[in-house]
file upload-v5.txt (compact mmCIF, C-alpha atoms)
# COMPACT_ATOMS: atom_id res chain seq x y z
CA MET X 1 26.30 14.82 -50.21
CA ARG X 2 22.93 13.70 -48.87
CA TYR X 3 21.85 11.86 -51.99
CA ILE X 4 25.09 9.84 -51.95
CA ALA X 5 24.03 8.53 -48.54
CA TYR X 6 20.71 7.41 -50.07
CA ILE X 7 22.43 5.68 -52.99
CA PHE X 8 24.82 3.90 -50.61
CA ALA X 9 21.95 2.76 -48.38
CA LEU X 10 20.15 1.41 -51.47
CA LEU X 11 23.25 -0.49 -52.60
CA GLY X 12 23.62 -1.79 -49.04
CA GLY X 13 20.10 -3.22 -49.19
CA ILE X 14 20.81 -4.91 -52.52
CA ALA X 15 23.97 -6.43 -51.05
CA LEU X 16 21.94 -7.69 -48.08
CA SER X 17 19.45 -9.65 -50.21
CA PHE X 18 22.17 -11.29 -52.29
CA GLU X 19 24.06 -12.10 -49.12
CA GLY X 20 20.98 -13.76 -47.59
CA ALA X 21 20.31 -15.86 -50.70
CA ILE X 22 23.93 -17.00 -51.03
CA TYR X 23 24.55 -17.72 -47.34
CA GLY X 24 21.34 -19.74 -47.21
CA GLU X 25 23.04 -22.13 -49.64
CA LEU X 26 26.38 -22.11 -47.80
CA GLY X 27 24.61 -22.78 -44.49
CA LYS X 28 23.20 -26.04 -45.87
CA THR X 29 26.73 -27.33 -46.50
CA ILE X 30 28.91 -26.10 -43.66
CA GLY X 31 26.32 -25.29 -40.95
CA GLN X 32 24.64 -22.04 -39.88
CA LEU X 33 26.89 -20.90 -37.06
CA GLU X 34 29.89 -21.81 -39.18
CA THR X 35 28.56 -19.66 -42.02
CA SER X 36 28.21 -16.72 -39.63
CA PHE X 37 31.71 -17.34 -38.36
CA TYR X 38 33.10 -17.51 -41.91
CA ASN X 39 31.44 -14.17 -42.70
CA PHE X 40 32.80 -12.34 -39.67
CA PHE X 41 36.25 -13.90 -39.82
CA VAL X 42 36.92 -13.19 -43.51
CA GLY X 43 35.09 -9.85 -43.24
CA ALA X 44 37.51 -8.85 -40.45
CA ILE X 45 40.46 -9.71 -42.70
CA ILE X 46 39.07 -7.67 -45.63
CA LEU X 47 38.37 -4.70 -43.37
CA GLY X 48 41.74 -5.03 -41.68
CA LEU X 49 43.33 -4.49 -45.10
CA LEU X 50 40.96 -1.64 -46.01
CA TRP X 51 41.74 -0.02 -42.68
CA LEU X 52 45.52 -0.31 -43.15
CA PHE X 53 45.35 1.40 -46.52
CA PHE X 54 42.41 3.78 -46.26
CA GLY X 55 41.59 4.18 -42.56
CA LYS X 56 41.42 7.86 -41.64
CA GLY X 57 39.53 7.55 -38.35
CA LYS X 58 40.73 6.72 -34.89
CA ILE X 59 40.45 3.04 -34.01
CA SER X 60 41.85 3.58 -30.51
CA HIS X 61 38.62 5.44 -29.77
CA ALA X 62 37.14 1.97 -29.11
CA VAL X 63 39.03 1.85 -25.82
CA GLU X 64 37.60 5.09 -24.46
CA ALA X 65 34.14 4.95 -26.10
CA PRO X 66 31.11 4.01 -23.95
CA LYS X 67 30.96 0.20 -23.94
CA TRP X 68 27.45 0.01 -25.38
CA THR X 69 28.70 1.56 -28.63
CA LEU X 70 30.74 -1.63 -29.17
CA LEU X 71 27.68 -3.90 -29.29
CA GLY X 72 27.30 -3.66 -33.09
CA GLY X 73 29.28 -6.89 -33.63
CA PRO X 74 27.19 -9.22 -31.43
CA LEU X 75 23.99 -7.67 -32.84
CA GLY X 76 25.20 -8.43 -36.35
CA VAL X 77 25.84 -12.03 -35.27
CA VAL X 78 22.18 -12.40 -34.22
CA TYR X 79 20.98 -10.96 -37.54
CA LEU X 80 23.19 -13.08 -39.77
CA THR X 81 22.59 -16.32 -37.90
CA ALA X 82 18.82 -15.71 -38.02
CA ILE X 83 18.99 -15.22 -41.81
CA VAL X 84 21.09 -18.31 -42.48
CA ILE X 85 18.79 -20.48 -40.36
CA SER X 86 15.58 -19.03 -41.78
CA VAL X 87 16.23 -18.97 -45.55
CA PRO X 88 16.24 -22.75 -46.13
CA PHE X 89 13.06 -23.16 -44.05
CA VAL X 90 10.79 -20.35 -45.29
CA GLY X 91 12.59 -18.95 -48.38
CA VAL X 92 14.32 -15.64 -49.14
CA GLY X 93 11.04 -13.73 -49.67
CA VAL X 94 9.42 -14.40 -46.29
CA THR X 95 12.78 -14.06 -44.53
CA MET X 96 13.35 -10.58 -45.96
CA VAL X 97 9.78 -9.49 -45.14
CA ALA X 98 10.22 -10.57 -41.50
CA VAL X 99 13.59 -8.80 -41.27
CA ILE X 100 12.10 -5.68 -42.83
CA ILE X 101 9.18 -5.50 -40.40
CA GLY X 102 11.64 -5.78 -37.52
CA GLN X 103 13.81 -3.03 -39.04
CA LEU X 104 10.89 -0.67 -39.60
CA ILE X 105 9.49 -0.98 -36.09
CA MET X 106 12.88 -0.68 -34.43
CA SER X 107 14.18 2.27 -36.46
CA MET X 108 10.95 4.22 -35.84
CA ILE X 109 11.27 3.68 -32.09
CA ILE X 110 14.99 4.49 -32.00
CA GLU X 111 14.63 7.75 -33.87
CA HIS X 112 11.45 8.92 -32.15
CA TYR X 113 13.04 8.65 -28.72
CA GLY X 114 16.55 9.51 -29.90
CA TRP X 115 17.97 6.29 -28.41
CA LEU X 116 21.50 5.00 -28.85
CA GLY X 117 23.02 8.41 -29.45
CA ASN X 118 20.98 9.22 -32.53
CA MET X 119 19.34 12.52 -33.31
CA LYS X 120 15.80 12.67 -32.00
CA THR X 121 13.44 13.13 -34.93
CA ARG X 122 9.71 13.25 -34.38
CA ILE X 123 7.60 10.87 -36.43
CA ASN X 124 5.63 13.04 -38.89
CA LYS X 125 2.84 12.61 -41.44
CA GLU X 126 5.22 11.87 -44.31
CA LYS X 127 7.01 9.11 -42.40
CA ILE X 128 3.70 7.44 -41.54
CA PHE X 129 2.78 7.55 -45.25
CA ALA X 130 6.15 6.03 -46.10
CA VAL X 131 5.59 3.14 -43.70
CA ILE X 132 2.05 2.56 -45.05
CA SER X 133 3.41 2.46 -48.62
CA MET X 134 6.08 -0.01 -47.47
CA ILE X 135 3.47 -2.28 -45.85
CA ILE X 136 1.38 -2.23 -49.06
CA ALA X 137 4.52 -3.14 -51.02
CA LEU X 138 5.26 -5.99 -48.61
CA ILE X 139 1.74 -7.41 -48.97
CA LEU X 140 1.97 -7.20 -52.77
CA VAL X 141 5.35 -8.95 -52.85
CA ASN X 142 4.02 -11.97 -50.98
CA MET L 1 8.33 -24.43 -36.33
CA SER L 2 7.81 -21.94 -39.16
CA ILE L 3 6.22 -19.34 -36.86
CA LEU L 4 9.12 -19.66 -34.45
CA MET L 5 11.50 -19.19 -37.37
CA ILE L 6 9.72 -16.04 -38.53
CA LEU L 7 9.75 -14.57 -35.01
CA PHE L 8 13.46 -15.31 -34.79
CA THR L 9 14.00 -13.57 -38.13
CA LEU L 10 11.96 -10.61 -36.89
CA LEU L 11 14.44 -10.40 -34.04
CA GLY L 12 17.16 -10.38 -36.70
CA GLY L 13 15.58 -7.26 -38.25
CA ILE L 14 15.37 -5.58 -34.84
CA THR L 15 19.04 -6.26 -34.11
CA LEU L 16 19.97 -5.00 -37.59
CA SER L 17 18.39 -1.62 -36.91
CA ALA L 18 19.86 -1.42 -33.43
CA GLN L 19 23.24 -2.23 -34.96
CA SER L 20 22.84 0.58 -37.52
CA ALA L 21 22.03 3.06 -34.77
CA ILE L 22 24.88 2.00 -32.48
CA ASN L 23 27.45 1.86 -35.27
CA GLY L 24 26.32 5.25 -36.56
CA THR L 25 27.05 6.72 -33.13
CA LEU L 26 30.45 5.07 -32.81
CA SER L 27 31.50 6.08 -36.32
CA ARG L 28 31.18 9.80 -35.58
CA LYS L 29 34.25 9.53 -33.38
CA ALA L 30 36.01 6.39 -34.62
CA GLY L 31 35.45 6.64 -38.40
CA THR L 32 33.56 4.54 -40.98
CA ILE L 33 36.14 1.85 -41.78
CA GLU L 34 37.27 1.64 -38.16
CA THR L 35 33.71 1.07 -36.90
CA THR L 36 33.06 -1.61 -39.50
CA LEU L 37 36.34 -3.34 -38.65
CA LEU L 38 35.46 -3.34 -34.94
CA THR L 39 32.06 -4.84 -35.76
CA PHE L 40 33.64 -7.73 -37.64
CA VAL L 41 36.39 -8.33 -35.09
CA THR L 42 34.02 -8.46 -32.10
CA GLY L 43 31.52 -10.55 -34.11
CA THR L 44 34.31 -13.05 -34.90
CA MET L 45 35.29 -13.30 -31.23
CA PHE L 46 31.73 -13.98 -30.12
CA LEU L 47 31.17 -16.59 -32.84
CA ALA L 48 34.46 -18.35 -32.14
CA ILE L 49 33.28 -19.02 -28.59
CA ILE L 50 29.73 -19.92 -29.63
CA ILE L 51 31.02 -22.40 -32.22
CA LEU L 52 33.38 -24.05 -29.75
CA PHE L 53 30.37 -24.93 -27.61
CA PHE L 54 27.47 -25.26 -30.03
CA GLY L 55 28.94 -25.69 -33.52
CA GLN L 56 27.60 -28.82 -35.20
CA GLY L 57 28.60 -28.09 -38.79
CA ASP L 58 31.96 -28.48 -40.49
CA ILE L 59 33.84 -25.20 -40.87
CA PHE L 60 36.57 -26.84 -42.98
CA ALA L 61 34.00 -27.68 -45.65
CA ILE L 62 34.50 -24.09 -46.88
CA PHE L 63 37.44 -25.44 -48.89
CA GLU L 64 35.08 -27.74 -50.80
CA VAL L 65 32.06 -25.53 -51.54
CA PRO L 66 31.74 -23.58 -54.83
CA THR L 67 33.58 -20.25 -54.60
CA TRP L 68 30.48 -18.18 -55.42
CA GLN L 69 29.00 -19.26 -52.10
CA LEU L 70 31.98 -17.66 -50.36
CA SER L 71 31.76 -14.38 -52.28
CA ALA L 72 28.88 -13.17 -50.09
CA VAL L 73 31.38 -11.93 -47.51
CA PHE L 74 32.21 -8.97 -49.76
CA LEU L 75 28.50 -8.10 -49.83
CA GLY L 76 28.28 -8.16 -46.05
CA VAL L 77 31.31 -5.88 -45.81
CA LEU L 78 29.82 -3.48 -48.39
CA PHE L 79 26.50 -3.37 -46.56
CA LEU L 80 28.11 -2.44 -43.26
CA LEU L 81 30.40 0.17 -44.80
CA PHE L 82 27.52 1.83 -46.65
CA ASN L 83 25.32 1.69 -43.58
CA VAL L 84 27.88 3.22 -41.25
CA PHE L 85 28.39 5.96 -43.86
CA ALA L 86 24.68 6.73 -44.34
CA VAL L 87 23.25 6.72 -40.78
CA PRO L 88 25.02 9.82 -39.42
CA ARG L 89 24.08 11.72 -42.60
CA ILE L 90 20.41 10.88 -43.15
CA GLY L 91 19.30 9.17 -39.92
CA VAL L 92 18.24 5.63 -38.93
CA ILE L 93 14.75 5.64 -40.48
CA ALA L 94 15.76 7.03 -43.87
CA THR L 95 18.71 4.62 -44.02
CA SER L 96 16.57 1.63 -43.00
CA ILE L 97 13.80 2.38 -45.50
CA THR L 98 16.28 2.93 -48.32
CA VAL L 99 18.08 -0.32 -47.41
CA ILE L 100 14.69 -2.08 -47.37
CA ILE L 101 13.83 -0.82 -50.86
CA GLY L 102 17.16 -2.18 -52.11
CA GLN L 103 16.47 -5.49 -50.33
CA LEU L 104 12.96 -5.92 -51.75
CA PHE L 105 13.92 -4.74 -55.24
CA SER L 106 16.81 -7.17 -55.56
CA GLY L 107 14.83 -9.89 -53.74
CA VAL L 108 12.16 -9.64 -56.45
CA VAL L 109 14.83 -9.79 -59.17
CA ILE L 110 16.55 -12.81 -57.58
CA ASP L 111 13.17 -14.57 -57.38
CA HIS L 112 12.36 -13.70 -61.00
CA PHE L 113 15.50 -15.33 -62.37
CA GLY L 114 15.81 -17.97 -59.65
CA TRP L 115 19.45 -17.09 -59.00
CA PHE L 116 21.50 -19.00 -56.40
CA ASN L 117 19.26 -22.11 -56.54
CA SER L 118 16.29 -20.15 -55.19
CA LEU L 119 12.66 -20.68 -56.25
CA VAL L 120 11.62 -19.03 -59.52
CA ILE L 121 8.84 -16.52 -58.77
CA PRO L 122 8.08 -14.40 -61.87
CA LEU L 123 7.87 -10.62 -61.73
CA ASP L 124 4.09 -10.30 -62.23
CA ILE L 125 1.81 -7.25 -62.19
CA LYS L 126 1.38 -7.50 -58.39
CA ARG L 127 5.12 -7.26 -57.87
CA TRP L 128 5.42 -4.32 -60.29
CA PHE L 129 2.89 -2.48 -58.13
CA ALA L 130 4.95 -3.41 -55.07
CA LEU L 131 7.98 -1.76 -56.66
CA LEU L 132 5.88 1.33 -57.40
CA PHE L 133 4.80 1.61 -53.76
CA MET L 134 8.43 1.29 -52.67
CA ILE L 135 9.36 4.27 -54.79
CA ILE L 136 6.45 6.21 -53.27
CA ALA L 137 7.72 5.25 -49.80
CA LEU L 138 11.19 6.50 -50.62
CA TYR L 139 9.73 9.82 -51.82
CA PHE L 140 7.78 10.27 -48.58
CA ILE L 141 10.72 9.40 -46.37
CA TYR L 142 12.87 11.93 -48.19
CA LYS L 143 10.23 14.64 -47.80
CA GLY L 144 9.51 13.74 -44.18
CA ASN L 145 13.18 13.90 -43.32
CA LYS L 146 13.60 17.24 -45.01
CA ARG L 147 10.69 18.63 -42.96
CA SER L 148 12.11 17.25 -39.69
CA ASN L 149 15.41 18.95 -40.48
CA GLU L 150 13.76 22.26 -41.30
CA GLU L 151 11.81 22.12 -38.04
CA ALA L 152 14.99 21.31 -36.11
CA ASN L 153 16.82 24.22 -37.73
CA ALA L 154 13.97 26.65 -37.04
CA GLN L 155 14.14 26.00 -33.30
call {"tool": "encode", "arguments": {"input": "upload-v5.txt", "output": "structure tokens"}}
result
Amino acid sequence: MRYIAYIFALLGGIALSFEGAIYGELGKTIGQLETSFYNFFVGAIILGLLWLFFGKGKISHAVEAPKWTLLGGPLGVVYLTAIVISVPFVGVGVTMVAVIIGQLIMSMIIEHYGWLGNMKTRINKEKIFAVISMIIALILVN
Amino acid sequence: MSILMILFTLLGGITLSAQSAINGTLSRKAGTIETTLLTFVTGTMFLAIIILFFGQGDIFAIFEVPTWQLSAVFLGVLFLLFNVFAVPRIGVIATSITVIIGQLFSGVVIDHFGWFNSLVIPLDIKRWFALLFMIIALYFIYKGNKRSNEEANAQ
């Protein structure tokens, strides 16, 4: 079960790069905020359908859940708008590197302190090695 | 201008990780598809208001652009679904690093072929080494996570 989660995360990353490259183009035609809006609006329709047919969870939980757990949407808006604005100016490569550095720093901090309801996992030797390898990879890509 | 842009994009990466963490928490009670749906619905609401005040583009031009430019929405949906699925199972760091490897790997491939009107940057020896280091990183994150779990279970 665990390795499926890794494969899904990998596929998610691939989707993210293609999304950035394509939306960079769309943003030039219809505008950046409009591109973000298009993404969220049509995405909501697609997920609405998926939810109707395959939803097994409990959507009404949103009403009773702590309000901060509902902030995922606005945070996604910041990310997507940043990408669409940035790609035409500095290119997909630099954009992804900047996003990645932000991701790395933030996920380390979140997990080390166990913020936002996540399991607290101490940073260990292996994770530091992983980050160093990632930074070397980032330097080589540029 | 460029520096400002990069800092802004850095903020995008920070919000992406925070989003993963928050959505992972919500999904434990609400479910994967439900959490993703809520993310898109609230995102739409926020953007609708932002566009009313600050939108300078032309939203109706979506009917004129090539369809492939619109297909990216499926990718965004896939990313969120996969992410919400993975975080509660392997944690924020392991998910983020694995996502990053996918991002860089496909970014290098897109550059190599110059897909979607992007610049053509060939896959040279330097970039092959970059891919190698990414695989090493993935190995370490997997091992590190396994050790954290063993330590947590021992307590």
call {"tool": "residues_near_point", "arguments": {"input": "upload-v5.txt", "point": "(14.2, -10.9, -35.4)", "cutoff": "8 Å", "atoms": "only C-alpha atoms", "output": "number ranges by chain"}}
result
X: 79, 82, 98-99, 102; L: 6-15
call {"tool": "write_last_selection", "arguments": {"input": "upload-v5.txt", "atoms": "C-alpha atoms", "output": "mmCIF file, in the coordinates of the input"}}
result
data_model
loop_
_atom_site.group_PDB
_atom_site.id
_atom_site.type_symbol
_atom_site.label_atom_id
_atom_site.label_comp_id
_atom_site.auth_asym_id
_atom_site.auth_seq_id
_atom_site.Cartn_x
_atom_site.Cartn_y
_atom_site.Cartn_z
ATOM 1 C CA TYR X 79 20.980 -10.960 -37.540
ATOM 2 C CA ALA X 82 18.820 -15.710 -38.020
ATOM 3 C CA ALA X 98 10.220 -10.570 -41.500
ATOM 4 C CA VAL X 99 13.590 -8.800 -41.270
ATOM 5 C CA GLY X 102 11.640 -5.780 -37.520
ATOM 6 C CA ILE L 6 9.720 -16.040 -38.530
ATOM 7 C CA LEU L 7 9.750 -14.570 -35.010
ATOM 8 C CA PHE L 8 13.460 -15.310 -34.790
ATOM 9 C CA THR L 9 14.000 -13.570 -38.130
ATOM 10 C CA LEU L 10 11.960 -10.610 -36.890
ATOM 11 C CA LEU L 11 14.440 -10.400 -34.040
ATOM 12 C CA GLY L 12 17.160 -10.380 -36.700
ATOM 13 C CA GLY L 13 15.580 -7.260 -38.250
ATOM 14 C CA ILE L 14 15.370 -5.580 -34.840
ATOM 15 C CA THR L 15 19.040 -6.260 -34.110
#
call {"tool": "residues_around", "arguments": {"input": "upload-v5.txt", "residues": "Ala44 of chain X", "least_positions_apart": "3", "cutoff": "7 Å", "atoms": "all atoms listed in the file", "output": "list of chain:residue names"}}
result
X:Phe40, X:Phe41, X:Leu47, X:Gly48, L:Leu37, L:Phe40, L:Val41
call {"tool": "atom_distance", "arguments": {"input": "upload-v5.txt", "atom1": "atom CA of Trp68 of chain X", "atom2": "atom CA of Leu52 of chain L"}}
result
25.2 Å
call {"tool": "closest_residue", "arguments": {"input": "upload-v5.txt", "among": "L:Ala18, L:Ile33, L:Ile136, L:Ile59", "to": "Thr29 of chain X", "atoms": "all atoms listed in the file"}}
result
L:Ile59
call {"tool": "residues_around", "arguments": {"input": "upload-v5.txt", "residues": "Val84 of chain L", "least_positions_apart": "4", "cutoff": "7 Å", "atoms": "all atoms listed in the file", "output": "MDAnalysis selection string"}}
result
chainID L and resid 20 23:24 27 32 80
call {"tool": "residues_around", "arguments": {"input": "upload-v5.txt", "residues": "Phe85 of chain L", "least_positions_apart": "2", "cutoff": "8 Å", "atoms": "all atoms listed in the file", "output": "ChimeraX atom specification"}}
result
/X:5,8 /L:24,32,81-83,87-89
call {"tool": "residues_near_point", "arguments": {"input": "upload-v5.txt", "point": "(24.2, 14.8, -48.4)", "cutoff": "10 Å", "atoms": "only C-alpha atoms", "output": "list in words"}}
result
Met1, Arg2, Tyr3, Ile4, Ala5 and Tyr6 of chain X; Ala86, Arg89 and Ile90 of chain L
call {"tool": "atom_distance", "arguments": {"input": "upload-v5.txt", "atom1": "atom CA of Leu16 of chain L", "atom2": "atom CA of Gly76 of chain X"}}
result
6.4 Å
call {"tool": "closest_residue", "arguments": {"input": "upload-v5.txt", "among": "L:Glu150, L:Ala30, L:Thr44, L:Lys143", "to": "Lys125 of chain X", "atoms": "only C-alpha atoms"}}
result
L:Lys143
call {"tool": "closest_residue", "arguments": {"input": "upload-v5.txt", "among": "L:Trp115, L:Leu70, L:Gly43, L:Leu4", "to": "chain X", "atoms": "all atoms listed in the file"}}
result
L:Gly43
call {"tool": "closest_residue", "arguments": {"input": "upload-v5.txt", "among": "L:Thr98, L:Ser17, L:Thr35, L:Ser71", "to": "Val42 of chain X", "atoms": "all atoms listed in the file"}}
result
L:Ser71
call {"tool": "residues_around", "arguments": {"input": "upload-v5.txt", "residues": "Asp58 of chain L", "least_positions_apart": "5", "cutoff": "9 Å", "atoms": "only C-alpha atoms", "output": "MDAnalysis selection string"}}
result
chainID X and resid 29:31 34
call {"tool": "atom_distance", "arguments": {"input": "upload-v5.txt", "atom1": "atom CA of Ile135 of chain X", "atom2": "atom CA of Met106 of chain X"}}
result
14.9 Å
call {"tool": "closest_residue", "arguments": {"input": "upload-v5.txt", "among": "X:Val97, X:Ile139, X:Leu49, X:Ile14", "to": "chain L", "atoms": "all atoms listed in the file"}}
result
X:Ile14
call {"tool": "closest_residue", "arguments": {"input": "upload-v5.txt", "among": "L:Ile97, L:Ala130, L:Ala137, L:Ile125", "to": "Ile132 of chain X", "atoms": "all atoms listed in the file"}}
result
L:Ala137
call {"tool": "residues_around", "arguments": {"input": "upload-v5.txt", "residues": "Phe116 of chain L", "least_positions_apart": "5", "cutoff": "9 Å", "atoms": "all atoms listed in the file", "output": "JSON, numbers by chain"}}
result
{"X": [18, 21, 22, 25], "L": [69, 110]}
call {"tool": "build_atoms", "arguments": {"input": "upload-v5.txt", "residues": "segment 127-145 of chain L", "atoms": "N, CA, C and O atoms", "output": "PDB file, keeping the file's coordinate frame"}}
result
ATOM      1  N   ARG L 127       3.784  -7.639 -58.333  1.00  0.00           N
ATOM      2  CA  ARG L 127       5.120  -7.260 -57.870  1.00  0.00           C
ATOM      3  C   ARG L 127       5.575  -5.935 -58.474  1.00  0.00           C
ATOM      4  O   ARG L 127       6.322  -5.199 -57.848  1.00  0.00           O
ATOM      5  N   TRP L 128       5.117  -5.631 -59.706  1.00  0.00           N
ATOM      6  CA  TRP L 128       5.420  -4.320 -60.290  1.00  0.00           C
ATOM      7  C   TRP L 128       4.792  -3.226 -59.437  1.00  0.00           C
ATOM      8  O   TRP L 128       5.404  -2.185 -59.180  1.00  0.00           O
ATOM      9  N   PHE L 129       3.544  -3.458 -58.988  1.00  0.00           N
ATOM     10  CA  PHE L 129       2.890  -2.480 -58.130  1.00  0.00           C
ATOM     11  C   PHE L 129       3.642  -2.339 -56.803  1.00  0.00           C
ATOM     12  O   PHE L 129       3.756  -1.243 -56.258  1.00  0.00           O
ATOM     13  N   ALA L 130       4.164  -3.459 -56.301  1.00  0.00           N
ATOM     14  CA  ALA L 130       4.950  -3.410 -55.070  1.00  0.00           C
ATOM     15  C   ALA L 130       6.145  -2.478 -55.254  1.00  0.00           C
ATOM     16  O   ALA L 130       6.443  -1.649 -54.388  1.00  0.00           O
ATOM     17  N   LEU L 131       6.816  -2.611 -56.392  1.00  0.00           N
ATOM     18  CA  LEU L 131       7.980  -1.760 -56.660  1.00  0.00           C
ATOM     19  C   LEU L 131       7.566  -0.289 -56.718  1.00  0.00           C
ATOM     20  O   LEU L 131       8.259   0.585 -56.190  1.00  0.00           O
ATOM     21  N   LEU L 132       6.401  -0.037 -57.322  1.00  0.00           N
ATOM     22  CA  LEU L 132       5.880   1.330 -57.400  1.00  0.00           C
ATOM     23  C   LEU L 132       5.675   1.925 -56.001  1.00  0.00           C
ATOM     24  O   LEU L 132       6.095   3.045 -55.706  1.00  0.00           O
ATOM     25  N   PHE L 133       5.047   1.130 -55.117  1.00  0.00           N
ATOM     26  CA  PHE L 133       4.800   1.610 -53.760  1.00  0.00           C
ATOM     27  C   PHE L 133       6.107   1.856 -52.997  1.00  0.00           C
ATOM     28  O   PHE L 133       6.186   2.739 -52.151  1.00  0.00           O
ATOM     29  N   MET L 134       7.135   1.069 -53.319  1.00  0.00           N
ATOM     30  CA  MET L 134       8.430   1.290 -52.670  1.00  0.00           C
ATOM     31  C   MET L 134       9.010   2.637 -53.059  1.00  0.00           C
ATOM     32  O   MET L 134       9.588   3.349 -52.240  1.00  0.00           O
ATOM     33  N   ILE L 135       8.848   2.984 -54.334  1.00  0.00           N
ATOM     34  CA  ILE L 135       9.360   4.270 -54.790  1.00  0.00           C
ATOM     35  C   ILE L 135       8.587   5.415 -54.121  1.00  0.00           C
ATOM     36  O   ILE L 135       9.169   6.411 -53.686  1.00  0.00           O
ATOM     37  N   ILE L 136       7.265   5.219 -53.973  1.00  0.00           N
ATOM     38  CA  ILE L 136       6.450   6.210 -53.270  1.00  0.00           C
ATOM     39  C   ILE L 136       6.942   6.366 -51.820  1.00  0.00           C
ATOM     40  O   ILE L 136       7.083   7.476 -51.309  1.00  0.00           O
ATOM     41  N   ALA L 137       7.239   5.227 -51.183  1.00  0.00           N
ATOM     42  CA  ALA L 137       7.720   5.250 -49.800  1.00  0.00           C
ATOM     43  C   ALA L 137       9.019   6.041 -49.696  1.00  0.00           C
ATOM     44  O   ALA L 137       9.202   6.846 -48.781  1.00  0.00           O
ATOM     45  N   LEU L 138       9.904   5.812 -50.634  1.00  0.00           N
ATOM     46  CA  LEU L 138      11.190   6.500 -50.620  1.00  0.00           C
ATOM     47  C   LEU L 138      10.993   8.011 -50.750  1.00  0.00           C
ATOM     48  O   LEU L 138      11.626   8.808 -50.062  1.00  0.00           O
ATOM     49  N   TYR L 139      10.047   8.406 -51.627  1.00  0.00           N
ATOM     50  CA  TYR L 139       9.730   9.820 -51.820  1.00  0.00           C
ATOM     51  C   TYR L 139       9.248  10.445 -50.506  1.00  0.00           C
ATOM     52  O   TYR L 139       9.708  11.508 -50.094  1.00  0.00           O
ATOM     53  N   PHE L 140       8.328   9.741 -49.828  1.00  0.00           N
ATOM     54  CA  PHE L 140       7.780  10.270 -48.580  1.00  0.00           C
ATOM     55  C   PHE L 140       8.838  10.360 -47.485  1.00  0.00           C
ATOM     56  O   PHE L 140       8.848  11.306 -46.700  1.00  0.00           O
ATOM     57  N   ILE L 141       9.720   9.384 -47.432  1.00  0.00           N
ATOM     58  CA  ILE L 141      10.720   9.400 -46.370  1.00  0.00           C
ATOM     59  C   ILE L 141      11.702  10.551 -46.604  1.00  0.00           C
ATOM     60  O   ILE L 141      12.145  11.210 -45.671  1.00  0.00           O
ATOM     61  N   TYR L 142      11.973  10.817 -47.857  1.00  0.00           N
ATOM     62  CA  TYR L 142      12.870  11.930 -48.190  1.00  0.00           C
ATOM     63  C   TYR L 142      12.230  13.260 -47.791  1.00  0.00           C
ATOM     64  O   TYR L 142      12.847  14.098 -47.143  1.00  0.00           O
ATOM     65  N   LYS L 143      10.948  13.416 -48.150  1.00  0.00           N
ATOM     66  CA  LYS L 143      10.230  14.640 -47.800  1.00  0.00           C
ATOM     67  C   LYS L 143      10.077  14.803 -46.291  1.00  0.00           C
ATOM     68  O   LYS L 143      10.272  15.882 -45.744  1.00  0.00           O
ATOM     69  N   GLY L 144       9.705  13.702 -45.628  1.00  0.00           N
ATOM     70  CA  GLY L 144       9.510  13.740 -44.180  1.00  0.00           C
ATOM     71  C   GLY L 144      10.778  14.125 -43.457  1.00  0.00           C
ATOM     72  O   GLY L 144      10.769  14.885 -42.492  1.00  0.00           O
ATOM     73  N   ASN L 145      11.893  13.610 -43.936  1.00  0.00           N
ATOM     74  CA  ASN L 145      13.180  13.900 -43.320  1.00  0.00           C
ATOM     75  C   ASN L 145      13.575  15.357 -43.517  1.00  0.00           C
ATOM     76  O   ASN L 145      14.115  15.992 -42.626  1.00  0.00           O
TER      77      ASN L 145
END
